[in-house]
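Student: Quick one, target.pdb (PDB, C-alpha atoms):
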MODEL        1
ATOM      1  CA  MET J   1      77.318 110.046  89.002
ATOM      2  CA  SER J   2      73.885 110.758  90.506
ATOM      3  CA  GLU J   3      73.091 114.009  92.245
ATOM      4  CA  THR J   4      72.935 112.469  95.712
ATOM      5  CA  ASP J   5      76.406 110.999  95.255
ATOM      6  CA  SER J   6      78.047 114.354  94.548
ATOM      7  CA  ASN J   7      76.191 115.904  97.466
ATOM      8  CA  VAL J   8      77.603 113.299  99.810
ATOM      9  CA  GLU J   9      81.101 114.116  98.574
ATOM     10  CA  ASP J  10      80.506 117.842  99.022
ATOM     11  CA  LEU J  11      79.403 117.337 102.607
ATOM     12  CA  TYR J  12      82.491 115.283 103.301
ATOM     13  CA  LEU J  13      84.789 117.882 101.763
ATOM     14  CA  GLU J  14      83.195 120.671 103.749
ATOM     15  CA  SER J  15      83.499 118.990 107.106
ATOM     16  CA  TYR J  16      87.099 117.954 106.461
ATOM     17  CA  ALA J  17      88.331 121.056 104.652
ATOM     18  CA  PHE J  18      92.071 120.937 103.835
ATOM     19  CA  THR J  19      92.872 117.571 105.344
ATOM     20  CA  THR J  20      94.609 114.628 103.744
ATOM     21  CA  ALA J  21      91.262 112.840 103.641
ATOM     22  CA  ALA J  22      89.564 115.583 101.630
ATOM     23  CA  ALA J  23      92.407 115.561  99.115
ATOM     24  CA  ILE J  24      92.166 111.836  98.397
ATOM     25  CA  VAL J  25      88.427 111.163  98.752
ATOM     26  CA  GLY J  26      87.716 112.105  95.137
ATOM     27  CA  SER J  27      90.030 109.346  93.858
ATOM     28  CA  VAL J  28      88.277 106.442  95.633
ATOM     29  CA  ASP J  29      87.177 103.700  93.209
ATOM     30  CA  ARG J  30      89.230 105.343  90.440
ATOM     31  CA  LYS J  31      92.412 104.099  88.841
ATOM     32  CA  ILE J  32      95.419 105.730  90.445
ATOM     33  CA  PHE J  33      99.180 105.415  90.361
ATOM     34  CA  VAL J  34     101.334 105.484  93.463
ATOM     35  CA  LEU J  35     105.064 106.147  93.595
ATOM     36  CA  LEU J  36     106.656 104.605  96.676
ATOM     37  CA  ARG J  37     109.844 105.703  98.404
ATOM     38  CA  ASP J  38     111.664 102.568  97.266
ATOM     39  CA  GLY J  39     111.012 103.592  93.641
ATOM     40  CA  ARG J  40     108.120 101.242  92.904
ATOM     41  CA  ASN J  41     105.388 102.406  90.535
ATOM     42  CA  LEU J  42     102.006 100.874  91.362
ATOM     43  CA  PHE J  43      98.870 101.222  89.250
ATOM     44  CA  GLY J  44      95.563 100.077  90.699
ATOM     45  CA  VAL J  45      92.069 100.958  91.818
ATOM     46  CA  LEU J  46      91.999 102.898  95.089
ATOM     47  CA  ARG J  47      89.503 101.228  97.417
ATOM     48  CA  THR J  48      90.097 102.933 100.746
ATOM     49  CA  PHE J  49      92.498 105.195 102.621
ATOM     50  CA  ASP J  50      92.880 107.084 105.901
ATOM     51  CA  GLN J  51      94.309 110.346 107.220
ATOM     52  CA  PHE J  52      97.921 109.066 106.997
ATOM     53  CA  ALA J  53      97.473 108.261 103.292
ATOM     54  CA  ASN J  54      97.549 104.542 104.107
ATOM     55  CA  LEU J  55      96.031 103.049 100.963
ATOM     56  CA  VAL J  56      94.359  99.875  99.788
ATOM     57  CA  LEU J  57      94.743  99.194  96.064
ATOM     58  CA  GLN J  58      92.952  96.514  94.081
ATOM     59  CA  ASP J  59      94.071  94.811  90.844
ATOM     60  CA  THR J  60      97.469  96.434  91.239
ATOM     61  CA  ILE J  61     100.123  96.309  88.541
ATOM     62  CA  GLU J  62     103.742  97.069  89.342
ATOM     63  CA  ARG J  63     105.701  98.636  86.518
ATOM     64  CA  ILE J  64     109.419  99.282  86.131
ATOM     65  CA  TYR J  65     110.781 101.819  83.633
ATOM     66  CA  LEU J  66     114.332 101.408  82.371
ATOM     67  CA  GLY J  67     116.599 103.299  80.005
ATOM     68  CA  SER J  68     118.068 101.795  76.851
ATOM     69  CA  GLU J  69     119.853  98.477  77.153
ATOM     70  CA  GLY J  70     123.159  98.719  78.969
ATOM     71  CA  SER J  71     122.359 102.212  80.235
ATOM     72  CA  ASP J  72     121.772 102.851  83.912
ATOM     73  CA  ASP J  73     120.129 106.216  83.253
ATOM     74  CA  LEU J  74     116.566 105.965  84.541
ATOM     75  CA  SER J  75     115.628 109.443  83.375
ATOM     76  CA  LYS J  76     115.264 108.435  79.694
ATOM     77  CA  PRO J  77     112.970 105.416  79.700
ATOM     78  CA  GLU J  78     112.988 103.171  76.653
ATOM     79  CA  ARG J  79     111.893  99.850  78.124
ATOM     80  CA  PHE J  80     109.418  98.723  80.732
ATOM     81  CA  GLY J  81     108.362  95.575  82.532
ATOM     82  CA  GLU J  82     105.172  94.968  84.461
ATOM     83  CA  ALA J  83     103.648  92.337  86.719
ATOM     84  CA  TYR J  84     100.221  91.775  88.220
ATOM     85  CA  ARG J  85     100.325  92.131  91.996
ATOM     86  CA  GLY J  86      96.672  91.968  93.140
ATOM     87  CA  VAL J  87      95.676  93.703  96.361
ATOM     88  CA  PHE J  88      98.130  96.086  97.996
ATOM     89  CA  MET J  89      97.974  97.736 101.398
ATOM     90  CA  VAL J  90     100.430 100.608 101.370
ATOM     91  CA  ARG J  91     101.584 102.286 104.561
ATOM     92  CA  GLY J  92     101.289 106.056 104.155
ATOM     93  CA  GLU J  93     104.860 106.905 105.119
ATOM     94  CA  ASN J  94     106.114 105.078 102.014
ATOM     95  CA  VAL J  95     104.079 107.151  99.576
ATOM     96  CA  VAL J  96     105.936 109.807  97.586
ATOM     97  CA  MET J  97     103.068 110.857  95.372
ATOM     98  CA  MET J  98      99.877 109.484  93.949
ATOM     99  CA  GLY J  99      97.535 110.647  91.233
ATOM    100  CA  GLU J 100      94.442 109.761  89.309
ATOM    101  CA  VAL J 101      95.206 108.182  85.942
ATOM    102  CA  ASP J 102      93.314 109.232  82.828
ATOM    103  CA  ILE J 103      92.239 105.778  81.599
ATOM    104  CA  ASP J 104      91.724 107.058  78.044
ATOM    105  CA  HIS J 105      95.388 108.016  77.753
ATOM    106  CA  GLU J 106      97.161 105.780  80.263
ATOM    107  CA  ASP J 107      98.830 103.541  77.671
ATOM    108  CA  GLU J 108      99.951 106.300  75.286
ATOM    109  CA  HIS J 109     103.382 106.684  76.821
ATOM    110  CA  LEU J 110     103.944 102.909  76.631
ATOM    111  CA  GLU J 111     103.611 102.881  72.848
ATOM    112  CA  VAL J 112     107.084 104.360  72.411
ATOM    113  CA  LEU J 113     108.612 101.963  74.937
ATOM    114  CA  SER J 114     109.411  98.298  74.397
ATOM    115  CA  GLN J 115     108.195  95.716  76.868
ATOM    116  CA  ILE J 116     110.610  93.296  78.512
ATOM    117  CA  PRO J 117     109.867  90.499  81.004
ATOM    118  CA  PHE J 118     109.324  91.793  84.533
ATOM    119  CA  GLU J 119     111.949  89.481  86.034
ATOM    120  CA  VAL J 120     114.604  90.906  83.704
ATOM    121  CA  ALA J 121     113.588  94.484  84.504
ATOM    122  CA  GLU J 122     113.536  93.752  88.222
ATOM    123  CA  LYS J 123     117.019  92.289  88.142
ATOM    124  CA  GLU J 124     118.389  95.223  86.171
ATOM    125  CA  LEU J 125     116.757  97.767  88.487
ATOM    126  CA  LYS J 126     118.167  95.980  91.490
ATOM    127  CA  SER J 127     121.721  96.359  90.176
ATOM    128  CA  ILE J 128     121.096 100.048  89.394
ATOM    129  CA  HIS J 129     119.873 100.578  92.943
ATOM    130  CA  LYS J 130     122.880  98.736  94.279
ATOM    131  CA  GLN J 131     125.166 101.072  92.346
ATOM    132  CA  LYS J 132     123.304 104.103  93.652
ATOM    133  CA  MET J 133     123.628 102.882  97.247
ATOM    134  CA  LYS J 134     127.349 102.392  96.716
ATOM    135  CA  PHE J 135     127.664 105.906  95.273
ATOM    136  CA  GLU J 136     125.654 107.490  98.101
ATOM    137  CA  LYS J 137     127.638 105.587 100.700
ATOM    138  CA  ALA J 138     130.890 106.936  99.302
ATOM    139  CA  LYS J 139     129.376 110.429  99.136
ATOM    140  CA  THR J 140     128.244 110.225 102.769
ATOM    141  CA  LYS J 141     131.718 109.193 103.836
ATOM    142  CA  LYS J 142     133.374 112.006 101.901
ATOM    143  CA  LEU J 143     130.948 114.646 103.167
ATOM    144  CA  LEU J 144     131.243 113.380 106.722
ATOM    145  CA  SER J 145     135.020 113.805 106.591
ATOM    146  CA  LYS J 146     134.357 117.511 105.915
ATOM    147  CA  GLY J 147     131.848 117.659 108.757
ATOM    148  CA  LEU J 148     128.817 117.640 106.461
ATOM    149  CA  ILE J 149     125.805 115.377 106.374
ATOM    150  CA  ASN J 150     124.458 113.678 103.250
ATOM    151  CA  ASP J 151     120.679 114.033 103.087
ATOM    152  CA  PHE J 152     120.006 110.504 101.909
ATOM    153  CA  ALA J 153     117.946 107.805 103.591
ATOM    154  CA  LYS J 154     118.703 104.175 102.757
ATOM    155  CA  SER J 155     115.124 103.520 101.716
ATOM    156  CA  ASP J 156     114.859 106.529  99.378
ATOM    157  CA  LEU J 157     115.330 105.179  95.885
ATOM    158  CA  TYR J 158     112.536 107.044  94.082
TER     159      TYR J 158
ATOM    160  CA  MET M   1     100.692 126.419 111.796
ATOM    161  CA  LEU M   2     101.876 129.607 110.060
ATOM    162  CA  PHE M   3     102.999 127.852 106.906
ATOM    163  CA  PHE M   4      99.819 125.832 106.747
ATOM    164  CA  SER M   5      97.821 129.087 106.779
ATOM    165  CA  PHE M   6     100.237 130.592 104.281
ATOM    166  CA  PHE M   7      99.817 127.699 101.861
ATOM    167  CA  LYS M   8      96.068 127.941 102.244
ATOM    168  CA  THR M   9      96.236 131.465 100.822
ATOM    169  CA  LEU M  10      98.021 130.026  97.764
ATOM    170  CA  VAL M  11      95.186 127.681  96.814
ATOM    171  CA  ASP M  12      94.181 128.017  93.137
ATOM    172  CA  GLN M  13      97.558 129.551  92.247
ATOM    173  CA  GLU M  14     100.004 127.914  89.882
ATOM    174  CA  VAL M  15     103.053 126.572  91.718
ATOM    175  CA  VAL M  16     106.111 124.505  90.863
ATOM    176  CA  VAL M  17     106.991 121.779  93.350
ATOM    177  CA  GLU M  18     110.522 120.376  93.424
ATOM    178  CA  LEU M  19     110.775 116.964  95.051
ATOM    179  CA  LYS M  20     113.778 115.510  96.828
ATOM    180  CA  ASN M  21     114.408 113.279  93.807
ATOM    181  CA  ASP M  22     115.017 116.452  91.726
ATOM    182  CA  ILE M  23     111.857 116.253  89.635
ATOM    183  CA  GLU M  24     109.817 119.407  89.200
ATOM    184  CA  ILE M  25     106.071 119.395  88.848
ATOM    185  CA  LYS M  26     104.044 122.406  87.786
ATOM    186  CA  GLY M  27     100.368 122.549  88.647
ATOM    187  CA  VAL M  28      97.511 124.452  90.217
ATOM    188  CA  LEU M  29      97.507 124.062  94.001
ATOM    189  CA  LYS M  30      94.176 122.560  94.986
ATOM    190  CA  SER M  31      94.564 121.771  98.649
ATOM    191  CA  VAL M  32      97.054 121.542 101.462
ATOM    192  CA  ASP M  33      96.818 119.937 104.900
ATOM    193  CA  GLN M  34      98.604 120.249 108.221
ATOM    194  CA  TYR M  35     101.540 118.059 107.070
ATOM    195  CA  LEU M  36     101.898 120.298 104.005
ATOM    196  CA  ASN M  37     100.831 117.446 101.763
ATOM    197  CA  LEU M  38      99.913 119.117  98.505
ATOM    198  CA  LYS M  39      97.305 118.377  95.912
ATOM    199  CA  LEU M  40      97.919 119.700  92.418
ATOM    200  CA  ASP M  41      95.611 119.823  89.398
ATOM    201  CA  ASN M  42      96.530 120.109  85.700
ATOM    202  CA  ILE M  43     100.041 118.903  86.322
ATOM    203  CA  SER M  44     103.000 118.925  83.962
ATOM    204  CA  CYS M  45     106.507 117.701  84.599
ATOM    205  CA  THR M  46     108.951 120.433  83.638
ATOM    206  CA  ASN M  47     112.371 118.810  83.688
ATOM    207  CA  GLU M  48     112.205 115.036  83.913
ATOM    208  CA  THR M  49     110.964 112.088  81.948
ATOM    209  CA  LYS M  50     111.822 109.554  84.632
ATOM    210  CA  TYR M  51     108.139 108.915  85.270
ATOM    211  CA  PRO M  52     106.616 108.906  81.752
ATOM    212  CA  HIS M  53     103.159 107.927  83.023
ATOM    213  CA  LEU M  54     102.775 111.389  84.568
ATOM    214  CA  THR M  55     101.569 112.623  81.182
ATOM    215  CA  SER M  56      98.326 110.690  81.678
ATOM    216  CA  VAL M  57      97.847 111.801  85.274
ATOM    217  CA  LYS M  58      95.173 114.388  85.963
ATOM    218  CA  ASN M  59      95.762 115.355  89.556
ATOM    219  CA  LEU M  60      98.545 114.609  91.936
ATOM    220  CA  PHE M  61      98.723 114.177  95.683
ATOM    221  CA  ILE M  62     102.259 114.807  96.932
ATOM    222  CA  ARG M  63     103.317 113.801 100.422
ATOM    223  CA  GLY M  64     104.760 116.796 102.248
ATOM    224  CA  SER M  65     107.815 114.918 103.490
ATOM    225  CA  THR M  66     109.127 114.403  99.938
ATOM    226  CA  VAL M  67     108.969 118.059  98.942
ATOM    227  CA  ARG M  68     112.189 120.076  98.742
ATOM    228  CA  TYR M  69     110.945 123.420  97.413
ATOM    229  CA  VAL M  70     107.695 125.036  96.371
ATOM    230  CA  ARG M  71     108.206 127.866  93.897
ATOM    231  CA  ILE M  72     105.478 130.478  93.886
ATOM    232  CA  ASN M  73     104.665 133.630  92.006
ATOM    233  CA  PRO M  74     106.215 136.524  93.983
ATOM    234  CA  ASN M  75     103.062 138.573  93.403
ATOM    235  CA  ALA M  76     101.111 135.983  95.375
ATOM    236  CA  VAL M  77     103.084 136.641  98.545
ATOM    237  CA  ASP M  78     102.488 139.580 100.857
ATOM    238  CA  CYS M  79     105.882 139.689 102.567
ATOM    239  CA  THR M  80     104.924 142.336 105.130
ATOM    240  CA  LEU M  81     101.915 140.327 106.198
ATOM    241  CA  LEU M  82     104.016 137.181 106.392
ATOM    242  CA  GLN M  83     106.664 138.933 108.504
ATOM    243  CA  ASP M  84     103.989 140.275 110.823
ATOM    244  CA  ALA M  85     102.398 136.881 111.185
ATOM    245  CA  SER M  86     105.682 135.130 111.923
ATOM    246  CA  ARG M  87     106.600 137.753 114.556
ATOM    247  CA  ARG M  88     103.215 137.344 116.159
ATOM    248  CA  GLU M  89     103.620 133.584 116.246
ATOM    249  CA  ALA M  90     107.132 133.884 117.708
ATOM    250  CA  MET M  91     105.814 136.247 120.390
ATOM    251  CA  GLN M  92     103.042 133.850 121.265
ATOM    252  CA  ALA M  93     105.541 131.012 121.529
ATOM    253  CA  ALA M  94     107.758 133.071 123.851
ATOM    254  CA  LYS M  95     104.923 133.747 126.286
TER     255      LYS M  95
ENDMDL
END
Output the file's structure as structure tokens, nothing else.

Tutor:
Amino acid sequence: MSETDSNVEDLYLESYAFTTAAAIVGSVDRKIFVLLRDGRNLFGVLRTFDQFANLVLQDTIERIYLGSEGSDDLSKPERFGEAYRGVFMVRGENVVMMGEVDIDHEDEHLEVLSQIPFEVAEKELKSIHKQKMKFEKAKTKKLLSKGLINDFAKSDLY
Amino acid sequence: MLFFSFFKTLVDQEVVVELKNDIEIKGVLKSVDQYLNLKLDNISCTNETKYPHLTSVKNLFIRGSTVRYVRINPNAVDCTLLQDASRREAMQAAK
């Protein structure tokens, strides 16, 4: 990066100290990952954004991590599926977290996982989500009968 | 705005953020904005492997609305000052 480039960024950071914009500006034109509220993992190049963390991603890949076959435990990934998605415009409210990916090490964690076709992974994930919705629905009902509220939004599957 | 100011004093401290999906992320707080969106550097995931790609992630921007707790070093908090500030803000609001 040339000296003028970094100066431009410094100026920007100073005039927008501690805003959403200042936090994301350093990741523009870098490879990032985004976790959405519906549980999707997107990997792509961040092209632009605004103060709501609305994002535009280019050359996006969607990846699904799954546990071992027959297991619905997502916390111990053993398999993954991925698909090319192209350009994505993400509305900020759906973002859970996003981060810059170290492109020298991004594939290291995949080496211990086995790849399966995306369609298979998608189908499996869908049934896991369905089960979770069913579970949460029952939980909401039970809690409600005791006068309590279940802190779960239908779209929160991350 | 009290908590925004409070979080600003925590910049460059190590914090642990627990999200609503139960994952915990440790990192150095780099910036915070008015929605309490957080930016962490040098992150590590302490309890979950649900998102294995986090090992290759350098910095993380977390949307404030998905945060459940932020755990901070007790030495980094001046409770008397915080109490004073919250009283002052409450008084201002009552006026």

Student: With all atoms listed in the file as the counted atoms, please give the residues lying no more than 10 Å from Gln51 (chain J), apart from itself and same-chain residues fewer than 5 positions off, as a list of chain:residue names.

Tutor: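 Contacts, with the query itself left out: J:Thr19, J:Thr20, J:Ala21, J:Ala22, J:Ala23, J:Ile24, J:Gly92.
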
Student: Given all atoms listed in the file as the basis, pick out the residue of M:Val28, M:Leu54, M:Met1, M:Leu38 nearest to Tyr69 (chain M).

Tutor: M:Leu38

Student: So that I can check the surroundings of Pro74 (chain M), please list as an mmCIF file with C-alpha atoms, in the coordinates of the input every protein, DNA and RNA residue that reaches within 12 Å of it, counting all atoms listed in the file and ignoring chain neighbours fewer than 4 positions away.

Tutor:
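This went into out_21.cif:
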data_model
loop_
_atom_site.group_PDB
_atom_site.id
_atom_site.type_symbol
_atom_site.label_atom_id
_atom_site.label_comp_id
_atom_site.auth_asym_id
_atom_site.auth_seq_id
_atom_site.Cartn_x
_atom_site.Cartn_y
_atom_site.Cartn_z
ATOM 1 C CA LEU M 10 98.021 130.026 97.764
ATOM 2 C CA GLN M 13 97.558 129.551 92.247
ATOM 3 C CA GLU M 14 100.004 127.914 89.882
ATOM 4 C CA VAL M 15 103.053 126.572 91.718
ATOM 5 C CA VAL M 70 107.695 125.036 96.371
ATOM 6 C CA ASP M 78 102.488 139.580 100.857
ATOM 7 C CA CYS M 79 105.882 139.689 102.567
#

Student: With 12 Å as the limit and counting all atoms listed in the file, what residues in chain M lie close to chain J? Please list them as an MDAnalysis selection string.

Tutor: chainID M and resid 4:5 7:9 11 17 19:23 25 29:43 47:68

Student: Put those residues in a file: C-alpha atoms, as a CSV table (one decimal), in the coordinates of the input.

Tutor:
chain,number,residue,atom,x,y,z
M,4,PHE,CA,99.8,125.8,106.7
M,5,SER,CA,97.8,129.1,106.8
M,7,PHE,CA,99.8,127.7,101.9
M,8,LYS,CA,96.1,127.9,102.2
M,9,THR,CA,96.2,131.5,100.8
M,11,VAL,CA,95.2,127.7,96.8
M,17,VAL,CA,107.0,121.8,93.4
M,19,LEU,CA,110.8,117.0,95.1
M,20,LYS,CA,113.8,115.5,96.8
M,21,ASN,CA,114.4,113.3,93.8
M,22,ASP,CA,115.0,116.5,91.7
M,23,ILE,CA,111.9,116.3,89.6
M,25,ILE,CA,106.1,119.4,88.8
M,29,LEU,CA,97.5,124.1,94.0
M,30,LYS,CA,94.2,122.6,95.0
M,31,SER,CA,94.6,121.8,98.6
M,32,VAL,CA,97.1,121.5,101.5
M,33,ASP,CA,96.8,119.9,104.9
M,34,GLN,CA,98.6,120.2,108.2
M,35,TYR,CA,101.5,118.1,107.1
M,36,LEU,CA,101.9,120.3,104.0
M,37,ASN,CA,100.8,117.4,101.8
M,38,LEU,CA,99.9,119.1,98.5
M,39,LYS,CA,97.3,118.4,95.9
M,40,LEU,CA,97.9,119.7,92.4
M,41,ASP,CA,95.6,119.8,89.4
M,42,ASN,CA,96.5,120.1,85.7
M,43,ILE,CA,100.0,118.9,86.3
M,47,ASN,CA,112.4,118.8,83.7
M,48,GLU,CA,112.2,115.0,83.9
M,49,THR,CA,111.0,112.1,81.9
M,50,LYS,CA,111.8,109.6,84.6
M,51,TYR,CA,108.1,108.9,85.3
M,52,PRO,CA,106.6,108.9,81.8
M,53,HIS,CA,103.2,107.9,83.0
M,54,LEU,CA,102.8,111.4,84.6
M,55,THR,CA,101.6,112.6,81.2
M,56,SER,CA,98.3,110.7,81.7
M,57,VAL,CA,97.8,111.8,85.3
M,58,LYS,CA,95.2,114.4,86.0
M,59,ASN,CA,95.8,115.4,89.6
M,60,LEU,CA,98.5,114.6,91.9
M,61,PHE,CA,98.7,114.2,95.7
M,62,ILE,CA,102.3,114.8,96.9
M,63,ARG,CA,103.3,113.8,100.4
M,64,GLY,CA,104.8,116.8,102.2
M,65,SER,CA,107.8,114.9,103.5
M,66,THR,CA,109.1,114.4,99.9
M,67,VAL,CA,109.0,118.1,98.9
M,68,ARG,CA,112.2,120.1,98.7

Student: List, as a PyMOL selection string, every residue that the PyMOL selection byres ((chain J and resi 121) around 10) selects in the file provided.

Tutor: chain J and resi 63-66+79-82+115-120+122-126

Student: Pull out every residue that the PyMOL selection byres ((chain J and resi 46) around 6) matches in the shown coordinates and put them as a list in words.

Tutor: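 So the PyMOL selection byres ((chain J and resi 46) around 6), applied here, picks out Val28, Asp29, Arg30, Val45, Arg47, Thr48 and Leu57 of chain J.
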
Student: To one decimal place in Å, what is the distance between CA of Glu136 (chain J) and CA of Asp38 (chain J)?

Tutor: 14.9 Å

Student: Report the centre and edge lengths, in Å to one decimal, of an axis-aligned box enclosing every atom of region 72-86 of chain M listed in the file, padded by 6 Å on each side, as JSON.

Tutor:
{"center_x": 103.9, "center_y": 136.4, "center_z": 102.0, "size_x": 17.6, "size_y": 23.9, "size_z": 31.9}

Student: Quote the spacing between CA of Gly27 (chain M) and CA of Leu36 (chain J) in Å to one decimal place.

Tutor: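 Going from CA of Gly27 (chain M) over to CA of Leu36 (chain J) covers 20.6 Å.
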
Student: Tell me, as number ranges by chain, which residues lie within 9 Å of Leu2 (chain M), counting all atoms listed in the file; anything in the same chain fewer than 5 positions away does not count.

Tutor: M: 7, 82, 85-86, 89

Student: How many Å lie between CA of Phe88 (chain J) and CA of Val56 (chain J), rounded to one decimal?

Tutor: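 Spanning CA of Phe88 (chain J) to CA of Val56 (chain J) is a straight-line distance of 5.6 Å.
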
Student: Rebuild region 28-46 of chain J to N, CA, C and O atoms - output it as a short mmCIF file (atom, residue, chain, number, x, y, z; two decimals), in the frame of the given file, please.

Tutor:
data_model
loop_
_atom_site.label_atom_id
_atom_site.label_comp_id
_atom_site.auth_asym_id
_atom_site.auth_seq_id
_atom_site.Cartn_x
_atom_site.Cartn_y
_atom_site.Cartn_z
N VAL J 28 88.72 107.78 95.23
CA VAL J 28 88.28 106.44 95.63
C VAL J 28 87.51 105.79 94.48
O VAL J 28 86.72 106.44 93.79
N ASP J 29 87.78 104.50 94.28
CA ASP J 29 87.18 103.70 93.21
C ASP J 29 87.62 104.15 91.82
O ASP J 29 87.02 103.78 90.82
N ARG J 30 88.67 104.96 91.74
CA ARG J 30 89.23 105.34 90.44
C ARG J 30 90.60 104.68 90.30
O ARG J 30 91.21 104.28 91.29
N LYS J 31 91.07 104.65 89.05
CA LYS J 31 92.41 104.10 88.84
C LYS J 31 93.45 105.16 89.20
O LYS J 31 93.40 106.28 88.70
N ILE J 32 94.38 104.78 90.05
CA ILE J 32 95.42 105.73 90.44
C ILE J 32 96.80 105.09 90.26
O ILE J 32 96.91 103.88 90.11
N PHE J 33 97.82 105.94 90.28
CA PHE J 33 99.18 105.42 90.36
C PHE J 33 99.78 105.90 91.66
O PHE J 33 99.42 106.96 92.17
N VAL J 34 100.65 105.11 92.23
CA VAL J 34 101.33 105.48 93.46
C VAL J 34 102.83 105.28 93.26
O VAL J 34 103.25 104.24 92.77
N LEU J 35 103.61 106.30 93.59
CA LEU J 35 105.06 106.15 93.60
C LEU J 35 105.49 105.97 95.04
O LEU J 35 105.16 106.79 95.90
N LEU J 36 106.20 104.86 95.31
CA LEU J 36 106.66 104.60 96.68
C LEU J 36 108.10 105.08 96.85
O LEU J 36 108.81 105.29 95.88
N ARG J 37 108.50 105.20 98.11
CA ARG J 37 109.84 105.70 98.40
C ARG J 37 110.95 104.78 97.91
O ARG J 37 112.08 105.21 97.68
N ASP J 38 110.64 103.49 97.77
CA ASP J 38 111.66 102.57 97.27
C ASP J 38 111.70 102.55 95.74
O ASP J 38 112.40 101.73 95.14
N GLY J 39 110.95 103.46 95.10
CA GLY J 39 111.01 103.59 93.64
C GLY J 39 109.98 102.78 92.88
O GLY J 39 109.95 102.80 91.66
N ARG J 40 109.13 102.05 93.59
CA ARG J 40 108.12 101.24 92.90
C ARG J 40 107.01 102.11 92.34
O ARG J 40 106.53 103.03 93.01
N ASN J 41 106.57 101.78 91.13
CA ASN J 41 105.39 102.41 90.54
C ASN J 41 104.23 101.42 90.59
O ASN J 41 104.32 100.35 89.99
N LEU J 42 103.17 101.75 91.29
CA LEU J 42 102.01 100.87 91.36
C LEU J 42 100.83 101.54 90.67
O LEU J 42 100.60 102.73 90.81
N PHE J 43 100.09 100.74 89.91
CA PHE J 43 98.87 101.22 89.25
C PHE J 43 97.73 100.33 89.70
O PHE J 43 97.80 99.12 89.54
N GLY J 44 96.68 100.90 90.24
CA GLY J 44 95.56 100.08 90.70
C GLY J 44 94.36 100.93 91.04
O GLY J 44 94.40 102.16 90.95
N VAL J 45 93.29 100.25 91.46
CA VAL J 45 92.07 100.96 91.82
C VAL J 45 92.10 101.24 93.32
O VAL J 45 92.27 100.32 94.13
N LEU J 46 91.96 102.52 93.68
CA LEU J 46 92.00 102.90 95.09
C LEU J 46 90.68 102.50 95.74
O LEU J 46 89.62 102.94 95.31
#
